[in-house]
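First up is the structure itself, then whatever we jot down about it.
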Amino acid sequence: MALYNLLLPKMGESVAEATIIKWSKGVGDRITMDDTVMEIATDKVDSEVPSPVAGTLVKQLYNINDVVQVGSVIAVIETAEAGASASAPQAAAPAPQPEYKAPEPVKQAPTPQPVTQAAPEPVYTPPYVEQIQQPRAIKPLPPAGSRFYSPLVKNIAIQEKVSPQELDTIPGSGAEGRLTKEDLLAYVKERANRPPAPKPAPPRPQPPAQRPQSVQQQRPVTQNAPQPQAAPQPRPQPPVQQQTPVPQPAQVQAPAQQPPVQQARPVQQQAPPVQQPPAQQQYYQPPVQQQPPAQQYYQQAPPQPQYIQQAPVQQYMPPPQQQASRAVSLNPGDEIIEMDRMRRLIADHMVMSVHTSPHVTSFIEADVTNMVVWREKVKNQFEEREKTKITFTPLFIEAIARAIKDLPMINVSVNGTQIIKRKDINIGMATALPTGNLIVPVIRRADQLNLVGLTKAVNDLSSRARVNKLAPDEVKDGTFTVTNVGSFGNVMGTPIINQPQVAIMALGVIKKKPAVISTSEGDVIGIRHMMFLSLSYDHRVVDGSLGGSFLRKVADYMEQWDVNRGF
């Protein structure tokens with residue numbers, strides 16, 4: 001008997017973690033070699049984790065939806081050597097068993113005892129505890145300015161108006177505390193739900209700073225007030241002095257002292273012994289009614305532009321949720337279908353793309369008669385020699401790769417205010433899955449492959465994509481995407497850009513149409529194979545001249561296809 005640590009295998013150079021979506025084997029289940037123990041997910045690719053040994057699953061170290069780092073122990077399998085333990089209880093005669101087991105107990109006796117006693121507690125439990133504590137130890141934020149952010153996170157931060165200082169305060173759940181898209185979107189939603197109540201508070205502490213001045217102005221009036229009372233002759237002068245400084249306190253004390261004017265003098269006589277209460281009353285009453293409206297207006301004016309700038313950010317995310325909750329009305333027979341994980345990822349990616357890039361779509365109609373004639377001529381020979389079928393997709397990809405080499409600024413990505421010009425031409429092809437979802441495997445360095453290599457790459461990636469056998473690295477690092485809407489009989493489409501790329505092309509259905517053909521003897525009308533090409537591009541960096549020129553270049557390569565070429 002022995003215990004085997006099942007590790008999460010490395011699934012690609014750029015994959016550091018995976019999410020457990022299903023346990024195919026439970027604790028106590030018997031496992032044979034290469035049996036699937038669990039299913040994991042990375043981005044849009046789901047993979048299976050097989051067992052390299054046979055035995056019994058004795059421990060599951062993670063639950064469903066847990067994020068596990070590559071190389072971590074995910075399960076413990078108890079193995080039996082040479083099937084000795086399985087055959088022991090089933091043998092009828094005890095004599096032959098010790099003859100064959102005689103050498104084995106000598107070898108197995110020392111090994112199972114220390115392993116079975118030490119393995120469950122000191123060997124396997126500590127790694128499991130450390131793996132849970134490692135993400136928590138990574139959670140402390142790094143120093144400001146030293147944190148790494150992916151281009152996607154930066155684009156979302158710019159779109160949602162999240163400052164770099166604010167980004168540094170957001171805890172990340174990714175590898176090494178890295179901030180992920182989900183962390184940032186969750187923070188934006190939480191920020192949008194915060195009450196904006198504390199913003200109007202700043203103007204209140206400012207008026208009191210001025211009101212004590214009015215209080216100080218009133219106190220000299222109270223000191224000057226008894227002087228005219230001692231001298232009866234200068235009585236005409238005090239009203240003049242009282243009228244100039246008194247308009248402000250008169251407005252403050254208006255609700256209590258407006259009717260009688262003479263009552264102000266006894267209040268002035270009582271004011272010297274009681275100085276604090278009037279000060280508190282004057283400080284408490286002005287903000288309620290009659291403190292100069294002009295001061296309140298100008299004091300509240302500066303915060304208003306800040307509040308107006310932040311209001312769209314706070315109201316940007318809630319409307320979809322509110323509209324979804326208000327617009328839902330169920331009728332008899334309606335069915336609610338919850339989105340699966342892949343559909344939610346696709347939805348988030350599409351919404352993010354529309355909010356990130358201003359989409360512009362251009363269209364062109366191409367005559368692909370030469371391509372159709374050439375394929376009909378060579379498809380049987382091609383399949384016989386290469387053991388695979390040739391479709392129109394590799395032909396289109398070859399024309400697109402040649403056009404990208406001629407106009408390389410279509411093969412770029414945007415990072416804030418920076419344009420990253422890609423060296424490799426990695427063309428992704430959108431592939432529909434049996435579940436109705438969509439995945440985009442990438443043909444790397446498509447410009448360096450001949451037609452046979454493109455055909456084999458297209459057939460291999462599309463076939464493995466439909467049975468969920470793609471590796472995570474095979475759907476990453478695309479620089480341009482092609483989607484074939486013609487496979488569904490559609491004439492054309494306006495596809496959404498696959499971020500962080502800047503362009504995507506939709507290929508329509510090929511139809512026979514009457515078209516004008518220019519010949520040496522003049523123009524004639526003939527039946528031609530025509531199709532529409534549509535290019536959606538990011539208008540931030542791709543203008544109409546570049547987008548239209550690229551689309552025209554692709555159509556030219558298709559129309560100028562050599563019908564006599566080989567493969």
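Labels for the structure tokens follow display order: chains A, B, ..., residues from 1 in each chain, ligands from 1.
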
Env of Ile77 of chain A: 6 Å cut, atoms = only C-alpha atoms, seq-sep filter 6 positions within chain, self excluded. Answer as a short mmCIF file (atom, residue, chain, number, x, y, z; two decimals) with N, CA, C and O atoms, in the first residue's frame.
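For reference, out.cif as written:
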```cif
data_model
loop_
_atom_site.label_atom_id
_atom_site.label_comp_id
_atom_site.auth_asym_id
_atom_site.auth_seq_id
_atom_site.Cartn_x
_atom_site.Cartn_y
_atom_site.Cartn_z
N LEU A 3 0.64 5.84 -0.83
CA LEU A 3 -0.17 7.02 -1.09
C LEU A 3 0.51 7.86 -2.17
O LEU A 3 1.71 8.09 -2.12
N TYR A 4 -0.30 8.29 -3.12
CA TYR A 4 0.22 9.05 -4.25
C TYR A 4 -0.42 10.44 -4.27
O TYR A 4 -1.65 10.57 -4.16
N THR A 56 -7.29 3.92 -5.17
CA THR A 56 -8.54 4.41 -4.59
C THR A 56 -8.36 5.84 -4.13
O THR A 56 -7.37 6.17 -3.49
N LEU A 57 -9.32 6.69 -4.48
CA LEU A 57 -9.27 8.09 -4.08
C LEU A 57 -9.62 8.19 -2.59
O LEU A 57 -10.72 7.81 -2.19
N VAL A 58 -8.68 8.68 -1.79
CA VAL A 58 -8.90 8.73 -0.35
C VAL A 58 -9.10 10.16 0.16
O VAL A 58 -9.57 10.34 1.28
#
```

Name all residues at most 9 Å from Ser24 of chain A (count only C-alpha atoms; drop same-chain ones fewer than 2 positions away) and give them as a ChimeraX atom specification. /A:22,26,36-39

Could you please take those selected residues and save N, CA, C and O atoms as a compact mmCIF listing (two decimals), in the first residue's frame?
```txt
# COMPACT_ATOMS: atom_id res chain seq x y z
N LYS A 22 -15.68 20.26 -11.64
CA LYS A 22 -16.38 18.99 -11.40
C LYS A 22 -15.39 17.95 -10.90
O LYS A 22 -14.25 17.88 -11.40
N GLY A 26 -15.29 10.35 -6.60
CA GLY A 26 -15.50 10.72 -5.21
C GLY A 26 -14.58 9.95 -4.29
O GLY A 26 -13.88 9.00 -4.70
N THR A 36 -10.34 9.81 -15.63
CA THR A 36 -10.51 11.24 -15.33
C THR A 36 -10.91 11.40 -13.87
O THR A 36 -11.93 10.86 -13.43
N VAL A 37 -10.12 12.14 -13.12
CA VAL A 37 -10.40 12.38 -11.71
C VAL A 37 -11.23 13.64 -11.52
O VAL A 37 -12.14 13.68 -10.70
N MET A 38 -10.95 14.68 -12.30
CA MET A 38 -11.65 15.94 -12.14
C MET A 38 -11.60 16.71 -13.44
O MET A 38 -10.80 16.41 -14.34
N GLU A 39 -12.46 17.71 -13.55
CA GLU A 39 -12.49 18.62 -14.69
C GLU A 39 -12.16 20.02 -14.21
O GLU A 39 -12.68 20.46 -13.18
```

Hey, which bits of segment 414-487 of chain A sit within 12 Å of segment 367-379 of chain A, and for each residue what's the closest pair of atoms and how far apart in Å (one decimal), counting only C-alpha atoms, rows by chain and increasing number, as a tab-separated table?
```
residue	atom	partner	partner_atom	distance
A:Leu451	CA	A:Arg375	CA	11.9
A:Val452	CA	A:Lys379	CA	11.8
A:Thr455	CA	A:Lys379	CA	11.6
```

Name the residues in contact with segment 337-349 of chain A at a cut-off of 12 Å, using only C-alpha atoms, excluding same-chain residues fewer than 5 positions from it; report them as an MDAnalysis selection string. chainID A and resid 19:21 40:46 65 152 156 181:182 185 354:356 433 435:440 496:500

Quick one: everything within 12 Å of segment 547-557 of chain A, counting only C-alpha atoms, minus sequence neighbours fewer than 4 positions away in the same chain. Send it as a VMD selection string. chain A and resid 359 to 371 395 to 411 502 to 507 530 to 543 561 to 562

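Residue neighbourhood of segment 458-461 of chain A, excluding near-sequence residues (fewer than 6 positions): Thr388, Lys389, Ile390, Thr391, Thr393, Pro394, Met429, Pro441, Val442, Ile443, Lys469, Leu470 and Glu474 of chain A, at 9 Å, using only C-alpha atoms.
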
Same residues, all heavy atoms, output as a short mmCIF file (atom, residue, chain, number, x, y, z; two decimals), in the first residue's frame:
```
data_model
loop_
_atom_site.label_atom_id
_atom_site.label_comp_id
_atom_site.auth_asym_id
_atom_site.auth_seq_id
_atom_site.Cartn_x
_atom_site.Cartn_y
_atom_site.Cartn_z
N THR A 388 -6.67 14.46 -45.32
CA THR A 388 -7.56 15.42 -44.68
C THR A 388 -8.23 16.24 -45.77
O THR A 388 -7.69 16.40 -46.88
CB THR A 388 -6.79 16.35 -43.72
OG1 THR A 388 -7.71 17.19 -43.04
CG2 THR A 388 -5.78 17.20 -44.45
N LYS A 389 -9.41 16.76 -45.47
CA LYS A 389 -10.18 17.52 -46.45
C LYS A 389 -9.74 18.98 -46.45
O LYS A 389 -9.35 19.52 -45.42
CB LYS A 389 -11.67 17.43 -46.15
CG LYS A 389 -12.24 16.02 -46.28
CD LYS A 389 -13.73 16.02 -46.03
CE LYS A 389 -14.31 14.62 -46.20
NZ LYS A 389 -15.78 14.60 -45.95
N ILE A 390 -9.83 19.60 -47.61
CA ILE A 390 -9.52 21.01 -47.74
C ILE A 390 -10.82 21.80 -47.89
O ILE A 390 -11.68 21.46 -48.71
CB ILE A 390 -8.58 21.27 -48.94
CG1 ILE A 390 -8.21 22.76 -49.00
CG2 ILE A 390 -9.18 20.79 -50.25
CD1 ILE A 390 -7.12 23.08 -50.01
N THR A 391 -10.99 22.81 -47.06
CA THR A 391 -12.18 23.66 -47.09
C THR A 391 -11.76 25.05 -47.58
O THR A 391 -10.60 25.31 -47.89
CB THR A 391 -12.82 23.74 -45.70
OG1 THR A 391 -11.87 24.33 -44.79
CG2 THR A 391 -13.20 22.36 -45.20
N THR A 393 -11.84 27.70 -45.68
CA THR A 393 -11.27 28.47 -44.57
C THR A 393 -9.77 28.66 -44.70
O THR A 393 -9.28 29.79 -44.56
CB THR A 393 -11.63 27.81 -43.23
OG1 THR A 393 -13.05 27.73 -43.11
CG2 THR A 393 -11.08 28.63 -42.07
N PRO A 394 -8.97 27.63 -44.94
CA PRO A 394 -7.52 27.89 -45.10
C PRO A 394 -7.20 28.77 -46.29
O PRO A 394 -6.21 29.54 -46.26
CB PRO A 394 -6.92 26.48 -45.25
CG PRO A 394 -8.05 25.61 -45.65
CD PRO A 394 -9.26 26.18 -45.02
N MET A 429 -9.70 31.74 -35.37
CA MET A 429 -10.91 31.43 -36.14
C MET A 429 -12.01 31.04 -35.17
O MET A 429 -11.88 30.09 -34.39
CB MET A 429 -10.63 30.31 -37.15
CG MET A 429 -10.01 29.05 -36.58
SD MET A 429 -9.78 27.78 -37.83
CE MET A 429 -9.28 26.41 -36.79
N PRO A 441 -9.87 29.23 -31.35
CA PRO A 441 -8.50 28.71 -31.41
C PRO A 441 -7.66 29.55 -32.35
O PRO A 441 -8.16 30.16 -33.30
CB PRO A 441 -8.69 27.28 -31.93
CG PRO A 441 -10.00 27.29 -32.63
CD PRO A 441 -10.85 28.30 -31.94
N VAL A 442 -6.36 29.60 -32.08
CA VAL A 442 -5.45 30.51 -32.77
C VAL A 442 -4.44 29.70 -33.60
O VAL A 442 -3.82 28.76 -33.10
CB VAL A 442 -4.71 31.41 -31.76
CG1 VAL A 442 -3.71 32.30 -32.48
CG2 VAL A 442 -5.71 32.26 -30.97
N ILE A 443 -4.29 30.10 -34.85
CA ILE A 443 -3.25 29.55 -35.73
C ILE A 443 -2.05 30.49 -35.65
O ILE A 443 -2.09 31.63 -36.14
CB ILE A 443 -3.74 29.45 -37.18
CG1 ILE A 443 -4.99 28.56 -37.25
CG2 ILE A 443 -2.65 28.89 -38.09
CD1 ILE A 443 -5.61 28.50 -38.62
N LYS A 469 -11.05 19.59 -26.39
CA LYS A 469 -9.72 19.05 -26.18
C LYS A 469 -8.61 20.07 -26.45
O LYS A 469 -7.46 19.70 -26.63
CB LYS A 469 -9.51 17.84 -27.10
CG LYS A 469 -10.42 16.66 -26.79
CD LYS A 469 -10.14 16.06 -25.42
CE LYS A 469 -11.00 14.84 -25.17
NZ LYS A 469 -10.77 14.26 -23.81
N LEU A 470 -8.95 21.35 -26.47
CA LEU A 470 -7.94 22.37 -26.72
C LEU A 470 -7.15 22.66 -25.46
O LEU A 470 -7.68 22.60 -24.35
CB LEU A 470 -8.61 23.66 -27.21
CG LEU A 470 -9.21 23.65 -28.62
CD1 LEU A 470 -9.91 24.97 -28.90
CD2 LEU A 470 -8.14 23.38 -29.67
N GLU A 474 -3.71 27.42 -26.74
CA GLU A 474 -4.17 27.41 -28.13
C GLU A 474 -5.31 28.39 -28.39
O GLU A 474 -5.79 28.49 -29.52
CB GLU A 474 -4.61 26.00 -28.52
CG GLU A 474 -3.45 25.02 -28.58
CD GLU A 474 -3.89 23.60 -28.87
OE1 GLU A 474 -5.03 23.23 -28.50
OE2 GLU A 474 -3.11 22.84 -29.48
#
```
